[in-house]
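Student: Sharing a structure below in structure tokens format, with a few things to ask.
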Amino acid sequence: MGQSDVQRALYRLTEILEAEGLPYAIIGALALNEYGHRRVTVDVDLVMREEDLQEFKRRHLGKGYAERVPGTGKLLDTEVGVHVDVLSTGKFPGDDKPKPIAFPDPAITAVRGERFALLPMPCYLELKLASGMVAPHRAKDLVDVQELIRSAALPIGVAAELHPWVRDKFLELWHLAQIPDPF
């Protein structure tokens, strides 16, 4: 089975970032898949420091990448036609309003996965939970957490590793994930 366009975009992008020493962490469904819950996605989501994003754009816009929205991290891999969404360190998930959870600096937070850098699972869960808690249009983030709890058989003890601001929501979803599907 060959690579999908999204996988090609992911591996091409991460190869460039790693070769150029630009810290990043893949987030979104691609990270969810890495953590143990399979979900289809049509884009590549990652977190980078703003200065590293600007350096990437300076080097690569017009050379395989274009801005979908000028002046933002909304990019397009022009070789395969896949959207790339870069979220900046320090910004807030969901509604972009200040809260105790923010996108971290991948230079000090990212860990190496099998094929790319991603966030430690507790950090990833915190972002997903915070996003789903404050942005009704991001309810899928809460579903992702619940499905990951089930798929990866996450123990309830993971709650102790999470920021208190999202801990109760994790526990609620953990308990829901324990209910067997009747079908």
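Letters A, B, ... go to the chains of the structure tokens in the order shown; residues in each chain start at 1; ligands are counted from 1 in the same order.
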Per DSSP on the backbone, filter range 16-179 of chain A down to the residues in helix (DSSP H, G or I) and report them as a PyMOL selection string.

Tutor: chain A and resi 16-19+28-35+50-60+106-109+121-134+136-151+156-161+164-177

Student: Considering only C-alpha atoms, can you say which of A:Glu79, A:Asp168, A:Asp105, A:Glu15 comes closest to Ile156 in chain A?

Tutor: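 Checking each of A:Glu79, A:Asp168, A:Asp105, A:Glu15 against Ile156 in chain A, counting only C-alpha atoms, the winner is A:Asp168.
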
Student: Calculate how many Å separate CA of Pro122 in chain A from CA of Ala160 in chain A, rounding to one decimal.

Tutor: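 Separation of CA of Pro122 in chain A and CA of Ala160 in chain A: 9.5 Å.
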
Student: Can you check which parts of range 126-175 of chain A lie within 8 Å of range 34-54 of chain A? Per residue, the shortest pair of atoms and distance in Å to one decimal, counting only C-alpha atoms, sorted by chain and number, as a Markdown table.

Tutor:
| residue | atom | partner | partner_atom | distance |
| --- | --- | --- | --- | --- |
| A:Glu147 | CA | A:His37 | CA | 6.7 |
| A:Leu148 | CA | A:His37 | CA | 5.2 |
| A:Ser151 | CA | A:His37 | CA | 5.5 |
| A:Ala152 | CA | A:Gly36 | CA | 5.3 |

Student: Show me, as a short mmCIF file (atom, residue, chain, number, x, y, z; two decimals) with N, CA and C atoms, in the first residue's frame, the residues that have an atom within 10 Å of Ser4 in chain A when counting only C-alpha atoms, minus same-chain residues fewer than 4 positions from it.

Tutor:
data_model
loop_
_atom_site.label_atom_id
_atom_site.label_comp_id
_atom_site.auth_asym_id
_atom_site.auth_seq_id
_atom_site.Cartn_x
_atom_site.Cartn_y
_atom_site.Cartn_z
N ARG A 8 2.80 11.82 2.39
CA ARG A 8 3.90 12.39 1.60
C ARG A 8 4.19 13.81 2.06
N ALA A 9 3.14 14.60 2.27
CA ALA A 9 3.31 15.98 2.75
C ALA A 9 3.97 15.99 4.13
N LEU A 10 3.51 15.11 5.01
CA LEU A 10 4.07 15.01 6.36
C LEU A 10 5.55 14.69 6.32
N VAL A 42 -6.99 15.04 6.46
CA VAL A 42 -6.68 15.57 5.12
C VAL A 42 -5.63 16.67 5.18
N VAL A 80 1.81 18.27 -3.50
CA VAL A 80 0.76 17.26 -3.35
C VAL A 80 -0.61 17.85 -3.05
#

Student: Restricting the calculation to only C-alpha atoms, which member of A:Ala29, A:Phe183, A:Val6, A:Thr72 is positioned closest to Lys140 in chain A?

Tutor: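 Comparing A:Ala29, A:Phe183, A:Val6, A:Thr72 against Lys140 in chain A, the winner is A:Ala29.
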
Student: Can you pull out every residue within 12 Å of Tyr11 in chain A, counting only C-alpha atoms, but drop anything in the same chain fewer than 6 positions away, and send it as a JSON list (two decimals) with N, CA and C atoms, in the first residue's frame?

Tutor:
[["chain", "number", "residue", "atom", "x", "y", "z"],
["A", 3, "GLN", "N", 1.93, 5.43, 0.04],
["A", 3, "GLN", "CA", 1.68, 6.54, 0.94],
["A", 3, "GLN", "C", 0.56, 7.42, 0.39],
["A", 4, "SER", "N", -0.22, 7.96, 1.29],
["A", 4, "SER", "CA", -1.24, 8.93, 0.90],
["A", 4, "SER", "C", -0.56, 10.29, 0.66],
["A", 5, "ASP", "N", -1.29, 11.19, 0.03],
["A", 5, "ASP", "CA", -0.76, 12.54, -0.17],
["A", 5, "ASP", "C", -0.45, 13.21, 1.17],
["A", 17, "LEU", "N", 12.25, 20.23, 7.90],
["A", 17, "LEU", "CA", 12.40, 20.86, 9.22],
["A", 17, "LEU", "C", 13.58, 20.27, 9.98],
["A", 18, "GLU", "N", 13.73, 18.95, 9.93],
["A", 18, "GLU", "CA", 14.83, 18.31, 10.64],
["A", 18, "GLU", "C", 16.17, 18.63, 10.00],
["A", 19, "ALA", "N", 16.23, 18.64, 8.67],
["A", 19, "ALA", "CA", 17.48, 18.96, 7.98],
["A", 19, "ALA", "C", 17.93, 20.39, 8.28],
["A", 26, "ILE", "N", 4.45, 17.54, 15.54],
["A", 26, "ILE", "CA", 3.21, 17.21, 14.82],
["A", 26, "ILE", "C", 2.10, 17.04, 15.85],
["A", 30, "LEU", "N", -2.65, 13.25, 12.92],
["A", 30, "LEU", "CA", -1.44, 12.48, 12.66],
["A", 30, "LEU", "C", -0.76, 12.06, 13.97],
["A", 44, "VAL", "N", -1.94, 18.42, 7.54],
["A", 44, "VAL", "CA", -0.84, 18.24, 8.47],
["A", 44, "VAL", "C", -0.89, 19.41, 9.45],
["A", 77, "ASP", "N", 1.13, 22.64, 0.73],
["A", 77, "ASP", "CA", 2.20, 21.89, 0.08],
["A", 77, "ASP", "C", 1.78, 21.82, -1.39],
["A", 80, "VAL", "N", 1.81, 18.27, -3.50],
["A", 80, "VAL", "CA", 0.76, 17.26, -3.35],
["A", 80, "VAL", "C", -0.61, 17.85, -3.05],
["A", 114, "GLU", "N", 8.10, 7.56, 16.18],
["A", 114, "GLU", "CA", 8.72, 6.59, 15.27],
["A", 114, "GLU", "C", 9.24, 7.26, 14.00],
["A", 115, "ARG", "N", 8.45, 8.22, 13.43],
["A", 115, "ARG", "CA", 8.86, 8.83, 12.17],
["A", 115, "ARG", "C", 8.97, 10.34, 12.22],
["A", 116, "PHE", "N", 8.54, 10.96, 13.33],
["A", 116, "PHE", "CA", 8.58, 12.43, 13.42],
["A", 116, "PHE", "C", 8.48, 12.85, 14.88],
["A", 117, "ALA", "N", 8.70, 14.14, 15.12],
["A", 117, "ALA", "CA", 8.61, 14.69, 16.47],
["A", 117, "ALA", "C", 7.15, 15.01, 16.80]]
